[in-house]
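For reference, structure-v6.tsv is printed below; it contains TSV, C-alpha atoms and all ligand atoms.
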chain	number	residue	atom	x	y	z
A	1	MET	CA	12.62	62.18	111.95
A	2	LYS	CA	12.09	65.95	111.66
A	3	ARG	CA	8.53	65.41	110.43
A	4	LYS	CA	7.75	63.18	113.41
A	5	LYS	CA	8.97	65.86	115.85
A	6	LEU	CA	6.82	68.46	114.09
A	7	ILE	CA	3.68	66.28	114.42
A	8	ILE	CA	4.30	65.75	118.16
A	9	ARG	CA	4.80	69.51	118.70
A	10	ASN	CA	1.59	70.31	116.84
A	11	LYS	CA	-0.29	67.71	118.90
A	12	MET	CA	0.87	69.31	122.16
A	13	LYS	CA	0.14	72.86	120.96
A	14	TYR	CA	-3.51	72.34	120.11
A	15	PRO	CA	-5.86	70.72	122.66
A	16	LYS	CA	-7.76	67.67	121.61
A	17	LEU	CA	-11.41	68.11	120.71
A	18	ARG	CA	-12.47	66.08	123.76
A	19	GLU	CA	-10.57	68.39	126.13
A	20	LEU	CA	-12.02	71.46	124.38
A	21	LYS	CA	-15.53	70.05	124.82
A	22	GLU	CA	-14.89	69.41	128.56
A	23	ALA	CA	-13.66	73.00	129.00
A	24	VAL	CA	-16.75	74.47	127.31
A	25	ILE	CA	-19.10	72.25	129.37
A	26	SER	CA	-17.42	73.22	132.63
A	27	LEU	CA	-17.75	76.91	131.70
A	28	VAL	CA	-21.51	76.70	131.53
A	29	THR	CA	-22.22	74.17	134.35
A	30	PRO	CA	-22.17	75.03	138.09
A	31	ALA	CA	-19.07	74.10	140.13
A	32	TYR	CA	-18.91	70.68	141.81
A	33	THR	CA	-16.98	72.11	144.76
A	34	SER	CA	-18.63	73.85	147.71
A	35	PRO	CA	-18.44	77.71	147.73
A	36	PHE	CA	-17.01	77.65	151.30
A	37	PRO	CA	-15.95	80.04	152.91
A	38	ALA	CA	-18.21	82.40	150.92
A	39	ARG	CA	-21.17	80.28	151.98
A	40	GLU	CA	-21.66	77.74	154.79
A	41	HIS	CA	-20.68	74.21	153.77
A	42	ILE	CA	-23.12	71.37	154.48
A	43	PRO	CA	-21.10	68.12	154.61
A	44	GLU	CA	-22.43	64.73	153.55
A	45	GLU	CA	-23.83	62.44	156.25
A	46	ARG	CA	-20.74	60.15	156.20
A	47	PHE	CA	-18.23	63.03	156.04
A	48	ARG	CA	-15.15	62.40	158.21
A	49	GLY	CA	-14.34	65.60	160.09
A	50	LYS	CA	-12.54	66.37	163.34
A	51	PRO	CA	-12.28	63.43	165.81
A	52	VAL	CA	-14.21	64.38	168.96
A	53	VAL	CA	-13.39	62.67	172.26
A	54	ASN	CA	-16.19	61.71	174.63
A	55	GLU	CA	-14.58	62.27	178.04
A	56	LYS	CA	-17.13	60.02	179.77
A	57	LYS	CA	-16.64	57.08	177.40
A	58	CYS	CA	-12.87	57.29	176.78
A	59	VAL	CA	-11.10	55.05	179.31
A	60	GLY	CA	-7.55	56.04	178.31
A	61	CYS	CA	-6.56	52.58	177.05
A	62	VAL	CA	-4.57	54.20	174.18
A	63	THR	CA	-5.56	51.61	171.56
A	64	CYS	CA	-6.17	54.60	169.28
A	65	THR	CA	-2.51	55.63	169.76
A	66	ASN	CA	-1.39	52.30	168.33
A	67	VAL	CA	-3.60	52.45	165.23
A	68	CYS	CA	-3.19	56.15	164.29
A	69	PRO	CA	-1.14	56.10	161.01
A	70	PRO	CA	0.49	59.60	161.27
A	71	ASN	CA	1.10	59.35	165.06
A	72	ALA	CA	-1.31	62.19	165.71
A	73	ILE	CA	-2.12	60.62	169.11
A	74	THR	CA	0.72	60.22	171.60
A	75	VAL	CA	0.81	59.07	175.22
A	76	SER	CA	3.12	59.62	178.16
A	77	ASP	CA	2.85	57.94	181.57
A	78	ASP	CA	4.27	59.52	184.70
A	79	ALA	CA	4.62	56.84	187.39
A	80	HIS	CA	5.71	59.56	189.84
A	81	THR	CA	2.45	61.53	189.66
A	82	GLY	CA	0.36	58.54	188.61
A	83	ILE	CA	-1.02	60.41	185.59
A	84	ARG	CA	-1.35	59.32	181.94
A	85	THR	CA	-1.38	62.19	179.43
A	86	ILE	CA	-2.88	61.62	175.97
A	87	VAL	CA	-2.09	64.30	173.37
A	88	ARG	CA	-4.14	64.52	170.15
A	89	ASP	CA	-2.62	66.75	167.47
A	90	TYR	CA	-5.28	67.42	164.83
A	91	GLY	CA	-2.70	69.27	162.72
A	92	LYS	CA	-1.28	65.79	161.91
A	93	CYS	CA	-4.67	64.02	161.60
A	94	ILE	CA	-5.53	62.56	158.19
A	95	PHE	CA	-9.18	61.84	159.16
A	96	CYS	CA	-8.83	58.13	158.39
A	97	GLY	CA	-11.23	57.13	161.20
A	98	GLN	CA	-9.00	54.31	162.55
A	99	CYS	CA	-9.28	55.71	166.09
A	100	GLU	CA	-13.08	55.51	165.93
A	101	THR	CA	-13.09	52.03	164.36
A	102	PHE	CA	-10.74	50.47	166.93
A	103	CYS	CA	-11.88	52.33	170.07
A	104	ILE	CA	-12.48	49.58	172.66
A	105	THR	CA	-15.57	51.25	174.13
A	106	GLY	CA	-16.93	52.12	170.67
A	107	GLU	CA	-17.80	55.61	171.92
A	108	GLY	CA	-14.51	57.10	173.16
A	109	VAL	CA	-13.86	59.06	169.97
A	110	LYS	CA	-16.01	59.76	166.92
A	111	LEU	CA	-15.28	61.70	163.76
A	112	SER	CA	-17.69	64.61	163.56
A	113	ASN	CA	-19.60	65.10	160.32
A	114	THR	CA	-20.07	68.81	161.02
A	115	LEU	CA	-16.67	69.99	162.32
A	116	TYR	CA	-14.55	70.58	159.22
A	117	ASP	CA	-13.31	74.18	159.56
A	118	ILE	CA	-10.34	73.45	161.84
A	119	ALA	CA	-7.51	75.38	160.13
A	120	VAL	CA	-5.49	77.47	162.62
A	121	PHE	CA	-2.67	80.05	162.39
A	122	ASP	CA	-1.00	78.74	165.56
A	123	ARG	CA	-0.42	74.95	165.39
A	124	SER	CA	-0.61	74.64	169.17
A	125	ASN	CA	-4.32	75.51	168.94
A	126	SER	CA	-5.00	72.23	167.15
A	127	VAL	CA	-3.62	70.14	170.03
A	128	GLU	CA	-5.90	68.66	172.72
A	129	THR	CA	-4.78	66.97	175.94
A	130	GLN	CA	-6.51	64.43	178.21
A	131	THR	CA	-5.37	63.05	181.55
A	132	ARG	CA	-6.28	59.78	183.26
A	133	GLU	CA	-5.37	58.28	186.66
A	134	LEU	CA	-2.92	55.37	186.44
A	135	VAL	CA	-2.98	52.08	188.30
A	136	LEU	CA	0.59	51.29	189.40
A	137	CYS	CA	2.12	48.09	190.74
A	138	SER	CA	2.39	48.33	194.56
A	139	HIS	CA	5.67	46.42	194.38
A	140	CYS	CA	7.69	47.66	191.38
A	141	ASN	CA	5.68	50.82	190.49
A	142	ALA	CA	5.22	49.62	186.87
A	143	VAL	CA	2.27	51.09	184.98
A	144	ILE	CA	-0.59	48.56	184.73
A	145	SER	CA	-3.20	50.74	182.98
A	146	THR	CA	-5.70	53.45	183.85
A	147	LYS	CA	-8.35	53.03	186.55
A	148	GLU	CA	-11.14	53.61	184.03
A	149	HIS	CA	-9.69	50.98	181.66
A	150	ILE	CA	-9.60	48.25	184.31
A	151	HIS	CA	-13.11	49.11	185.53
A	152	PHE	CA	-14.33	48.96	181.92
A	153	LEU	CA	-12.76	45.50	181.48
A	154	CYS	CA	-14.33	44.26	184.74
A	155	GLU	CA	-17.76	45.48	183.62
A	156	LYS	CA	-17.32	43.88	180.22
A	157	LEU	CA	-16.18	40.53	181.65
A	158	GLY	CA	-18.92	40.38	184.29
A	159	PRO	CA	-18.51	37.37	186.64
A	160	LYS	CA	-15.60	36.11	184.49
A	161	GLY	CA	-13.60	39.12	185.76
A	162	TYR	CA	-13.33	37.42	189.16
A	163	SER	CA	-10.87	34.95	187.65
A	164	SER	CA	-8.25	37.73	187.58
A	165	THR	CA	-6.73	38.61	190.95
A	166	LEU	CA	-5.77	42.05	189.61
A	167	ALA	CA	-9.40	42.77	188.65
A	168	LEU	CA	-10.55	41.44	192.03
A	169	ASN	CA	-8.15	43.67	193.94
A	170	ILE	CA	-9.15	46.74	191.98
A	171	LEU	CA	-12.84	45.98	192.47
A	172	ASN	CA	-12.13	45.46	196.15
A	173	GLN	CA	-10.61	48.96	196.35
A	174	THR	CA	-13.81	50.47	194.98
A	175	MET	CA	-16.02	48.51	197.36
A	176	VAL	CA	-14.29	49.26	200.69
A	177	PRO	CA	-15.28	52.53	202.43
A	178	SER	CA	-11.74	53.92	202.56
A	179	SER	CA	-8.76	53.28	200.28
A	180	GLU	CA	-6.60	52.84	203.40
A	181	ASP	CA	-8.46	49.61	204.26
A	182	ALA	CA	-7.62	48.11	200.86
A	183	ASP	CA	-4.07	49.42	200.66
A	184	VAL	CA	-1.82	46.76	202.14
A	185	PRO	CA	1.85	47.69	201.58
A	186	VAL	CA	4.13	45.09	200.01
A	187	GLN	CA	6.77	44.31	202.67
A	188	ASP	CA	9.74	41.90	202.99
A	189	GLY	CA	9.76	41.05	199.26
A	190	LEU	CA	6.93	39.52	197.26
A	191	LYS	CA	5.01	36.85	199.15
A	192	ARG	CA	1.82	34.84	198.62
A	193	LYS	CA	-0.23	37.42	200.59
A	194	ASP	CA	0.71	40.02	197.94
A	195	MET	CA	-1.50	38.23	195.42
A	196	PHE	CA	-4.24	40.19	197.20
A	197	ASN	CA	-2.52	43.48	196.48
A	198	THR	CA	-2.51	45.53	193.26
A	199	ILE	CA	0.58	44.13	191.58
A	200	CYS	CA	1.52	44.02	187.90
A	201	PRO	CA	1.40	40.76	185.86
A	202	ASN	CA	5.22	40.38	186.12
A	203	CYS	CA	5.16	40.55	189.92
A	204	GLN	CA	2.16	38.20	190.03
A	205	ARG	CA	4.14	35.72	187.97
A	206	SER	CA	7.11	35.98	190.39
A	207	VAL	CA	4.79	35.21	193.35
A	208	GLN	CA	3.25	32.23	191.54
A	209	VAL	CA	6.70	30.85	190.58
A	210	LYS	CA	7.83	31.20	194.24
A	211	MET	CA	4.68	29.35	195.34
A	212	LEU	CA	5.40	26.50	192.92
A	213	LEU	CA	9.06	26.07	193.89
A	301	LIG	S1	-8.67	60.01	162.32
A	301	LIG	FE1	-6.87	58.74	161.80
A	301	LIG	S2	-5.18	60.21	161.76
A	301	LIG	FE2	-6.88	61.25	162.80
A	301	LIG	S3	-6.50	60.88	164.98
A	301	LIG	FE3	-7.88	59.24	164.25
A	301	LIG	S4	-6.49	57.54	163.67
A	301	LIG	FE4	-5.24	59.40	163.82
A	302	LIG	S1	-9.28	53.68	172.06
A	302	LIG	FE1	-11.14	54.78	172.75
A	302	LIG	S2	-11.18	54.47	174.98
A	302	LIG	FE2	-9.11	53.95	174.28
A	302	LIG	S3	-7.96	55.89	174.56
A	302	LIG	FE3	-8.69	55.83	172.44
A	302	LIG	S4	-10.63	56.96	172.49
A	302	LIG	FE4	-10.14	56.43	174.59
Show me, as structure tokens, the structure contained in the file I just sent.
Amino acid sequence: MKRKKLIIRNKMKYPKLRELKEAVISLVTPAYTSPFPAREHIPEERFRGKPVVNEKKCVGCVTCTNVCPPNAITVSDDAHTGIRTIVRDYGKCIFCGQCETFCITGEGVKLSNTLYDIAVFDRSNSVETQTRELVLCSHCNAVISTKEHIHFLCEKLGPKGYSSTLALNILNQTMVPSSEDADVPVQDGLKRKDMFNTICPNCQRSVQVKMLL
């Protein structure tokens, strides 16, 4: 038993020949790692760096919020002000690229292959905020989505978009010269005429059920 222990100790004390060979080779070969920050780093073409939002292509649908594994993207809707706020905290980002892969427009966010030096002393400096205008239900004030999101869906659907009364009403608002002309207040409870107003799917269902009964 004592002899066995002695052999194990001796094995641990002296490195194996293979490890010794590796150490000697690495002493005389250049480093595999980049010499950054001493010298500028040139990332590979498919390097996944900081996610960069394209303000013109991001419609604020928040699909990326739902697929971000570390919850680096969060959203809050304020029905009072009619504003959606999207917060992207790159201090939590793991550069997985899910936001880019699942972005509904395909161009709302892309991981840069040049922005890699994003370490900060103050964590608040790695947080970015976006705001988008909300579309609210004229009857119950529920959040439907953002204006840009619904317009994007209408464009994508083309003539098929006319099968949705919500899409029709929103398109109607953009086509009339003044928003006052399109804004018909919901009065005396939900009625059939309110199908031609901007109401959420729940309120639309209530109107349709009333019409059927
Ligand atoms: S790259 Fe991954 S972790 Fe970073 S914001 Fe996008 S989904 Fe979230
Ligand atoms: S999925 Fe794309 S369009 Fe939607 S909020 Fe994220 S970046 Fe913007």
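For the atom pair formed by CA of Val52 in chain A and atom S4 of ligand LIG 302 (chain A), the distance is 9.0 Å, given to one decimal.
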Worksheet entry | Near-ligand residues for ligand LIG 301 (chain A), threshold 12 Å, all atoms listed in the file, as a ChimeraX atom specification | /A:47-53,62-74,86-103,108-112,126-128
Fill in: Nearest candidate to ligand LIG 302 (chain A) (options A:Val135, A:Leu17, A:Ile150, A:Leu166; using only C-alpha atoms and all ligand atoms)
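With only C-alpha atoms and all ligand atoms as the atom set, the closest residue is A:Ile150.
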Worksheet item: Rounded to one decimal in Å, what is the spacing between CA of His80 in chain A and CA of Ser138 in chain A?
Response: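 One can read the CA of His80 in chain A to CA of Ser138 in chain A distance as 12.6 Å.
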Discussion item. One number please: CA of Glu45 in chain A to CA of Asp117 in chain A, in Å, one decimal.
Written reply: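 CA of Asp117 in chain A lies at a distance of 16.1 Å from CA of Glu45 in chain A.
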Discussion item. Could you check the closest approach to Leu134 in chain A for each of A:Thr81, A:Asn169, A:Thr114, A:Ser164 and tell me which residue wins, using only C-alpha atoms?
Written reply: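 The answer is A:Thr81, which sits nearest to Leu134 in chain A.
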Worksheet item: Pick the closest to Ile104 in chain A from A:Arg84, A:Cys140, A:Phe152, A:Ser145: which is it, counting all atoms listed in the file?
Response: A:Phe152
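The closest residue to ligand LIG 302 (chain A), picked from A:Ala38, A:Val28, A:Leu157, A:Cys58 and counting all atoms listed in the file, is A:Cys58.
Taking only C-alpha atoms and all ligand atoms into account, ligand LIG 302 (chain A) lies nearest to A:Cys61 out of the set A:Leu20, A:Cys137, A:Cys61, A:Met195.
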Atoms are missing here; could range 54-88 of chain A be completed with N, CA and C atoms and written as a PDB file, in the frame of the given file?
ATOM      1  N   ASN A  54     -15.142  61.696 173.623  1.00  0.00           N
ATOM      2  CA  ASN A  54     -16.190  61.710 174.630  1.00  0.00           C
ATOM      3  C   ASN A  54     -15.513  61.389 175.972  1.00  0.00           C
ATOM      4  N   GLU A  55     -15.331  62.414 176.783  1.00  0.00           N
ATOM      5  CA  GLU A  55     -14.580  62.270 178.040  1.00  0.00           C
ATOM      6  C   GLU A  55     -15.174  61.196 178.954  1.00  0.00           C
ATOM      7  N   LYS A  56     -16.493  61.006 178.876  1.00  0.00           N
ATOM      8  CA  LYS A  56     -17.130  60.020 179.770  1.00  0.00           C
ATOM      9  C   LYS A  56     -16.936  58.602 179.264  1.00  0.00           C
ATOM     10  N   LYS A  57     -16.739  58.429 177.969  1.00  0.00           N
ATOM     11  CA  LYS A  57     -16.640  57.080 177.400  1.00  0.00           C
ATOM     12  C   LYS A  57     -15.196  56.667 177.099  1.00  0.00           C
ATOM     13  N   CYS A  58     -14.279  57.620 177.049  1.00  0.00           N
ATOM     14  CA  CYS A  58     -12.870  57.290 176.780  1.00  0.00           C
ATOM     15  C   CYS A  58     -12.229  56.819 178.086  1.00  0.00           C
ATOM     16  N   VAL A  59     -11.680  55.596 178.089  1.00  0.00           N
ATOM     17  CA  VAL A  59     -11.100  55.050 179.310  1.00  0.00           C
ATOM     18  C   VAL A  59      -9.568  55.179 179.347  1.00  0.00           C
ATOM     19  N   GLY A  60      -8.999  55.804 178.318  1.00  0.00           N
ATOM     20  CA  GLY A  60      -7.550  56.040 178.310  1.00  0.00           C
ATOM     21  C   GLY A  60      -6.718  54.805 178.052  1.00  0.00           C
ATOM     22  N   CYS A  61      -7.280  53.839 177.292  1.00  0.00           N
ATOM     23  CA  CYS A  61      -6.560  52.580 177.050  1.00  0.00           C
ATOM     24  C   CYS A  61      -5.435  52.751 176.016  1.00  0.00           C
ATOM     25  N   VAL A  62      -5.494  53.822 175.268  1.00  0.00           N
ATOM     26  CA  VAL A  62      -4.570  54.200 174.180  1.00  0.00           C
ATOM     27  C   VAL A  62      -4.482  53.194 173.014  1.00  0.00           C
ATOM     28  N   THR A  63      -5.522  52.449 172.770  1.00  0.00           N
ATOM     29  CA  THR A  63      -5.560  51.610 171.560  1.00  0.00           C
ATOM     30  C   THR A  63      -5.478  52.522 170.340  1.00  0.00           C
ATOM     31  N   CYS A  64      -6.158  53.670 170.419  1.00  0.00           N
ATOM     32  CA  CYS A  64      -6.170  54.600 169.280  1.00  0.00           C
ATOM     33  C   CYS A  64      -4.752  55.104 168.967  1.00  0.00           C
ATOM     34  N   THR A  65      -3.906  55.200 169.981  1.00  0.00           N
ATOM     35  CA  THR A  65      -2.510  55.630 169.760  1.00  0.00           C
ATOM     36  C   THR A  65      -1.791  54.628 168.856  1.00  0.00           C
ATOM     37  N   ASN A  66      -2.082  53.345 169.088  1.00  0.00           N
ATOM     38  CA  ASN A  66      -1.390  52.300 168.330  1.00  0.00           C
ATOM     39  C   ASN A  66      -1.863  52.173 166.892  1.00  0.00           C
ATOM     40  N   VAL A  67      -3.082  52.628 166.598  1.00  0.00           N
ATOM     41  CA  VAL A  67      -3.600  52.450 165.230  1.00  0.00           C
ATOM     42  C   VAL A  67      -3.569  53.739 164.407  1.00  0.00           C
ATOM     43  N   CYS A  68      -3.174  54.858 165.008  1.00  0.00           N
ATOM     44  CA  CYS A  68      -3.190  56.150 164.290  1.00  0.00           C
ATOM     45  C   CYS A  68      -2.004  56.187 163.295  1.00  0.00           C
ATOM     46  N   PRO A  69      -2.256  56.187 161.982  1.00  0.00           N
ATOM     47  CA  PRO A  69      -1.140  56.100 161.010  1.00  0.00           C
ATOM     48  C   PRO A  69      -0.120  57.255 161.093  1.00  0.00           C
ATOM     49  N   PRO A  70      -0.545  58.538 161.246  1.00  0.00           N
ATOM     50  CA  PRO A  70       0.490  59.600 161.270  1.00  0.00           C
ATOM     51  C   PRO A  70       0.995  59.935 162.677  1.00  0.00           C
ATOM     52  N   ASN A  71       0.708  59.085 163.661  1.00  0.00           N
ATOM     53  CA  ASN A  71       1.100  59.350 165.060  1.00  0.00           C
ATOM     54  C   ASN A  71       0.560  60.667 165.572  1.00  0.00           C
ATOM     55  N   ALA A  72      -0.689  60.942 165.244  1.00  0.00           N
ATOM     56  CA  ALA A  72      -1.310  62.190 165.710  1.00  0.00           C
ATOM     57  C   ALA A  72      -1.695  62.081 167.189  1.00  0.00           C
ATOM     58  N   ILE A  73      -1.766  60.821 167.693  1.00  0.00           N
ATOM     59  CA  ILE A  73      -2.120  60.620 169.110  1.00  0.00           C
ATOM     60  C   ILE A  73      -0.891  60.048 169.818  1.00  0.00           C
ATOM     61  N   THR A  74      -0.450  60.728 170.857  1.00  0.00           N
ATOM     62  CA  THR A  74       0.720  60.220 171.600  1.00  0.00           C
ATOM     63  C   THR A  74       0.349  60.117 173.087  1.00  0.00           C
ATOM     64  N   VAL A  75       1.110  59.285 173.793  1.00  0.00           N
ATOM     65  CA  VAL A  75       0.810  59.070 175.220  1.00  0.00           C
ATOM     66  C   VAL A  75       2.094  59.130 176.039  1.00  0.00           C
ATOM     67  N   SER A  76       1.972  59.689 177.246  1.00  0.00           N
ATOM     68  CA  SER A  76       3.120  59.620 178.160  1.00  0.00           C
ATOM     69  C   SER A  76       2.590  59.311 179.566  1.00  0.00           C
ATOM     70  N   ASP A  77       3.256  58.345 180.226  1.00  0.00           N
ATOM     71  CA  ASP A  77       2.850  57.940 181.570  1.00  0.00           C
ATOM     72  C   ASP A  77       3.873  58.451 182.579  1.00  0.00           C
ATOM     73  N   ASP A  78       3.378  59.062 183.647  1.00  0.00           N
ATOM     74  CA  ASP A  78       4.270  59.520 184.700  1.00  0.00           C
ATOM     75  C   ASP A  78       3.961  58.702 185.961  1.00  0.00           C
ATOM     76  N   ALA A  79       4.848  57.723 186.233  1.00  0.00           N
ATOM     77  CA  ALA A  79       4.620  56.840 187.390  1.00  0.00           C
ATOM     78  C   ALA A  79       4.771  57.618 188.693  1.00  0.00           C
ATOM     79  N   HIS A  80       5.481  58.747 188.643  1.00  0.00           N
ATOM     80  CA  HIS A  80       5.710  59.560 189.840  1.00  0.00           C
ATOM     81  C   HIS A  80       4.403  60.223 190.297  1.00  0.00           C
ATOM     82  N   THR A  81       3.710  60.841 189.317  1.00  0.00           N
ATOM     83  CA  THR A  81       2.450  61.530 189.660  1.00  0.00           C
ATOM     84  C   THR A  81       1.247  60.603 189.515  1.00  0.00           C
ATOM     85  N   GLY A  82       1.461  59.476 188.839  1.00  0.00           N
ATOM     86  CA  GLY A  82       0.360  58.540 188.610  1.00  0.00           C
ATOM     87  C   GLY A  82      -0.635  59.048 187.576  1.00  0.00           C
ATOM     88  N   ILE A  83      -0.135  59.811 186.602  1.00  0.00           N
ATOM     89  CA  ILE A  83      -1.020  60.410 185.590  1.00  0.00           C
ATOM     90  C   ILE A  83      -0.599  59.986 184.174  1.00  0.00           C
ATOM     91  N   ARG A  84      -1.577  59.589 183.374  1.00  0.00           N
ATOM     92  CA  ARG A  84      -1.350  59.320 181.940  1.00  0.00           C
ATOM     93  C   ARG A  84      -1.833  60.546 181.159  1.00  0.00           C
ATOM     94  N   THR A  85      -0.991  61.033 180.251  1.00  0.00           N
ATOM     95  CA  THR A  85      -1.380  62.190 179.430  1.00  0.00           C
ATOM     96  C   THR A  85      -1.479  61.739 177.972  1.00  0.00           C
ATOM     97  N   ILE A  86      -2.646  61.959 177.390  1.00  0.00           N
ATOM     98  CA  ILE A  86      -2.880  61.620 175.970  1.00  0.00           C
ATOM     99  C   ILE A  86      -2.962  62.931 175.202  1.00  0.00           C
ATOM    100  N   VAL A  87      -2.108  63.062 174.161  1.00  0.00           N
ATOM    101  CA  VAL A  87      -2.090  64.300 173.370  1.00  0.00           C
ATOM    102  C   VAL A  87      -2.581  63.982 171.963  1.00  0.00           C
ATOM    103  N   ARG A  88      -3.581  64.718 171.505  1.00  0.00           N
ATOM    104  CA  ARG A  88      -4.140  64.520 170.150  1.00  0.00           C
ATOM    105  C   ARG A  88      -3.854  65.773 169.341  1.00  0.00           C
TER     106      ARG A  88
END
